[in-house]
file final.cif (mmCIF, C-alpha atoms)
data_protein
loop_
_atom_site.group_PDB
_atom_site.id
_atom_site.type_symbol
_atom_site.label_atom_id
_atom_site.label_comp_id
_atom_site.auth_asym_id
_atom_site.auth_seq_id
_atom_site.Cartn_x
_atom_site.Cartn_y
_atom_site.Cartn_z
ATOM 1 C CA MET A 1 0.000 0.000 0.000
ATOM 2 C CA ILE A 2 1.309 3.478 -0.863
ATOM 3 C CA LEU A 3 0.813 5.763 2.121
ATOM 4 C CA GLY A 4 1.630 9.131 0.568
ATOM 5 C CA LEU A 5 4.285 11.251 -1.056
ATOM 6 C CA HIS A 6 7.540 11.574 0.900
ATOM 7 C CA HIS A 7 9.471 13.881 -1.448
ATOM 8 C CA ALA A 8 9.912 14.895 -5.068
ATOM 9 C CA GLN A 9 13.200 15.550 -6.825
ATOM 10 C CA ILE A 10 14.164 18.023 -9.503
ATOM 11 C CA THR A 11 17.630 18.579 -10.910
ATOM 12 C CA ILE A 12 19.864 21.491 -11.736
ATOM 13 C CA PRO A 13 23.265 21.503 -13.453
ATOM 14 C CA LYS A 14 26.251 20.411 -11.384
ATOM 15 C CA GLY A 15 27.843 23.364 -9.610
ATOM 16 C CA ALA A 16 24.689 25.532 -9.785
ATOM 17 C CA GLU A 17 23.676 25.070 -6.153
ATOM 18 C CA GLU A 18 24.153 28.723 -5.142
ATOM 19 C CA GLU A 19 22.053 29.961 -8.081
ATOM 20 C CA GLY A 20 19.480 27.300 -7.232
ATOM 21 C CA LYS A 21 19.314 28.384 -3.601
ATOM 22 C CA GLN A 22 18.994 32.004 -4.661
ATOM 23 C CA PHE A 23 15.943 31.138 -6.767
ATOM 24 C CA TYR A 24 14.254 28.538 -4.586
ATOM 25 C CA CYS A 25 15.060 30.014 -1.166
ATOM 26 C CA ASP A 26 15.251 33.752 -1.855
ATOM 27 C CA ILE A 27 12.638 34.188 -4.595
ATOM 28 C CA LEU A 28 10.218 31.331 -3.841
ATOM 29 C CA GLY A 29 10.844 31.577 -0.104
ATOM 30 C CA LEU A 30 11.351 27.866 0.491
ATOM 31 C CA LYS A 31 13.411 26.791 3.500
ATOM 32 C CA GLU A 32 16.579 24.779 2.974
ATOM 33 C CA VAL A 33 16.815 21.736 5.231
ATOM 34 C CA GLU A 34 19.961 19.854 6.180
ATOM 35 C CA LYS A 35 20.813 16.847 4.030
ATOM 36 C CA PRO A 36 22.031 13.722 5.826
ATOM 37 C CA GLU A 37 25.822 13.648 6.121
ATOM 38 C CA SER A 38 25.938 10.501 3.954
ATOM 39 C CA LEU A 39 24.404 12.394 0.992
ATOM 40 C CA LYS A 40 26.187 15.747 1.198
ATOM 41 C CA GLY A 41 28.954 14.668 -1.199
ATOM 42 C CA ARG A 42 26.453 14.224 -4.039
ATOM 43 C CA GLY A 43 25.782 17.946 -4.372
ATOM 44 C CA GLY A 44 22.405 19.608 -4.499
ATOM 45 C CA PHE A 45 20.257 20.626 -1.564
ATOM 46 C CA TRP A 46 16.924 19.862 0.058
ATOM 47 C CA LEU A 47 13.942 22.144 0.569
ATOM 48 C CA GLU A 48 11.030 22.042 2.976
ATOM 49 C CA VAL A 49 7.646 22.524 1.305
ATOM 50 C CA GLY A 50 4.835 22.280 3.846
ATOM 51 C CA ASP A 51 5.103 18.838 5.387
ATOM 52 C CA ARG A 52 7.126 17.412 2.483
ATOM 53 C CA ASN A 53 10.551 17.922 0.913
ATOM 54 C CA VAL A 54 11.793 18.741 -2.545
ATOM 55 C CA HIS A 55 15.250 17.362 -3.209
ATOM 56 C CA VAL A 56 17.236 19.460 -5.658
ATOM 57 C CA GLY A 57 19.825 17.133 -7.161
ATOM 58 C CA THR A 58 22.507 17.826 -9.731
ATOM 59 C CA GLU A 59 23.030 16.314 -13.166
ATOM 60 C CA ASP A 60 24.515 17.464 -16.438
ATOM 61 C CA GLY A 61 23.719 16.539 -20.035
ATOM 62 C CA PHE A 62 19.960 16.999 -19.759
ATOM 63 C CA ASP A 63 17.812 19.685 -21.423
ATOM 64 C CA ARG A 64 15.158 20.460 -18.828
ATOM 65 C CA ASN A 65 13.314 22.703 -21.315
ATOM 66 C CA THR A 66 12.204 19.676 -23.339
ATOM 67 C CA THR A 67 10.151 17.861 -20.704
ATOM 68 C CA LYS A 68 6.613 18.206 -19.434
ATOM 69 C CA ALA A 69 7.718 16.748 -16.093
ATOM 70 C CA HIS A 70 7.091 19.303 -13.383
ATOM 71 C CA ILE A 71 6.376 20.063 -9.775
ATOM 72 C CA ALA A 72 3.254 21.975 -8.694
ATOM 73 C CA TYR A 73 3.207 24.182 -5.614
ATOM 74 C CA LEU A 74 -0.190 24.678 -3.954
ATOM 75 C CA VAL A 75 -0.577 28.364 -3.052
ATOM 76 C CA ASP A 76 -3.187 30.512 -1.352
ATOM 77 C CA ASP A 77 -2.762 33.674 -3.471
ATOM 78 C CA ILE A 78 -2.033 32.913 -7.125
ATOM 79 C CA SER A 79 -2.153 36.609 -8.098
ATOM 80 C CA TYR A 80 0.596 37.431 -5.609
ATOM 81 C CA TRP A 81 2.850 34.727 -7.015
ATOM 82 C CA LYS A 82 2.280 35.807 -10.607
ATOM 83 C CA ARG A 83 3.160 39.421 -9.751
ATOM 84 C CA TRP A 84 6.130 38.435 -7.560
ATOM 85 C CA LEU A 85 7.643 36.156 -10.181
ATOM 86 C CA GLU A 86 7.177 38.739 -12.953
ATOM 87 C CA LYS A 87 8.872 41.329 -10.720
ATOM 88 C CA ASN A 88 11.807 38.902 -10.426
ATOM 89 C CA GLY A 89 12.106 38.369 -14.174
ATOM 90 C CA VAL A 90 10.159 35.101 -14.404
ATOM 91 C CA LYS A 91 7.676 34.848 -17.266
ATOM 92 C CA PRO A 92 4.387 33.150 -16.310
ATOM 93 C CA ILE A 93 2.891 30.769 -18.875
ATOM 94 C CA GLU A 94 -0.862 30.231 -18.793
ATOM 95 C CA GLY A 95 -1.770 26.595 -18.284
ATOM 96 C CA VAL A 96 -4.668 24.641 -19.681
ATOM 97 C CA PRO A 97 -7.663 25.330 -17.400
ATOM 98 C CA ILE A 98 -8.601 22.719 -14.799
ATOM 99 C CA PRO A 99 -12.069 23.005 -13.223
ATOM 100 C CA GLY A 100 -11.871 24.229 -9.638
ATOM 101 C CA PHE A 101 -8.330 25.592 -9.917
ATOM 102 C CA ASP A 102 -6.492 28.710 -11.029
ATOM 103 C CA ARG A 103 -2.960 28.004 -12.187
ATOM 104 C CA PHE A 104 0.024 29.061 -14.252
ATOM 105 C CA GLU A 105 3.406 27.624 -15.116
ATOM 106 C CA PHE A 106 6.910 28.941 -15.544
ATOM 107 C CA ARG A 107 10.426 27.648 -16.098
ATOM 108 C CA ASP A 108 12.986 28.032 -13.337
ATOM 109 C CA PRO A 109 16.456 29.410 -14.241
ATOM 110 C CA PHE A 110 17.533 25.876 -15.206
ATOM 111 C CA GLY A 111 14.556 25.061 -17.445
ATOM 112 C CA ASN A 112 12.568 22.986 -14.947
ATOM 113 C CA ARG A 113 8.831 23.341 -15.464
ATOM 114 C CA VAL A 114 7.100 24.620 -12.328
ATOM 115 C CA GLU A 115 3.391 25.129 -11.690
ATOM 116 C CA MET A 116 1.657 27.346 -9.155
ATOM 117 C CA ILE A 117 -1.899 26.189 -8.449
ATOM 118 C CA GLN A 118 -4.697 27.515 -6.227
ATOM 119 C CA GLU A 119 -8.008 25.897 -5.440
ATOM 120 C CA ILE A 120 -10.932 28.226 -6.175
#

call {"tool": "encode", "arguments": {"input": "final.cif", "output": "structure tokens"}}
result
Amino acid sequence: MILGLHHAQITIPKGAEEEGKQFYCDILGLKEVEKPESLKGRGGFWLEVGDRNVHVGTEDGFDRNTTKAHIAYLVDDISYWKRWLEKNGVKPIEGVPIPGFDRFEFRDPFGNRVEMIQEI
């Protein structure tokens, strides 16, 4: 039996951790959490998102702009996030409508597809 979602992982290029932290921690406001000592040598960093984690790993040789794979962050004020991201140079992309939700997408600085979604 699957009990729930423990974490999700996205990737950024090797050596881009500081730029990744600047975007995910400073702009999105997510909290970095300590990785276990046994995994620190692999690069990347972990983020706390509500009661779950997003693991930001590192890998090269992959064009993140070519995939529909994404992570969706549930928010309580979609208009705020659209304005905030635009103010920080991020271009929102309107998503296909889903009944009961307001949402938009964008690409992070590394090409990862990200969705902001709010229940209405």

call {"tool": "resolve_selection", "arguments": {"input": "final.cif", "expression": "the PyMOL selection byres ((chain A and resi 101-106) around 6)", "output": "list in words"}}
result
Pro92, Ile93, Glu94, Gly95, Ile98, Pro99, Gly100, Arg107, Arg113, Val114, Glu115, Met116, Ile117, Gln118, Glu119 and Ile120 of chain A

call {"tool": "axis_aligned_box", "arguments": {"input": "final.cif", "around": "segment 67-73 of chain A", "padding_each_side": "5 Å", "output": "JSON"}}
result
{"center_x": 6.7, "center_y": 20.5, "center_z": -13.2, "size_x": 16.9, "size_y": 17.4, "size_z": 25.1}

call {"tool": "resolve_selection", "arguments": {"input": "final.cif", "expression": "the PyMOL selection byres ((chain A and resi 24) around 12)", "output": "number ranges by chain"}}
result
A: 10, 12, 17-23, 25-32, 45-49, 54-56, 73, 85, 108-110, 112, 114

call {"tool": "atom_distance", "arguments": {"input": "final.cif", "atom1": "atom CA of Asn65 of chain A", "atom2": "atom CA of Val96 of chain A"}}
result
18.2 Å

call {"tool": "atom_distance", "arguments": {"input": "final.cif", "atom1": "atom CA of Trp81 of chain A", "atom2": "atom CA of Asp63 of chain A"}}
result
25.6 Å

call {"tool": "closest_residue", "arguments": {"input": "final.cif", "among": "A:Arg52, A:Lys91, A:Lys40, A:Arg64", "to": "His6 of chain A", "atoms": "all atoms listed in the file"}}
result
A:Arg52

call {"tool": "atom_distance", "arguments": {"input": "final.cif", "atom1": "atom CA of Ser79 of chain A", "atom2": "atom CA of His7 of chain A"}}
result
26.4 Å

call {"tool": "closest_residue", "arguments": {"input": "final.cif", "among": "A:Tyr80, A:Thr66, A:Gly57, A:Gly89", "to": "Ala8 of chain A", "atoms": "all atoms listed in the file"}}
result
A:Gly57
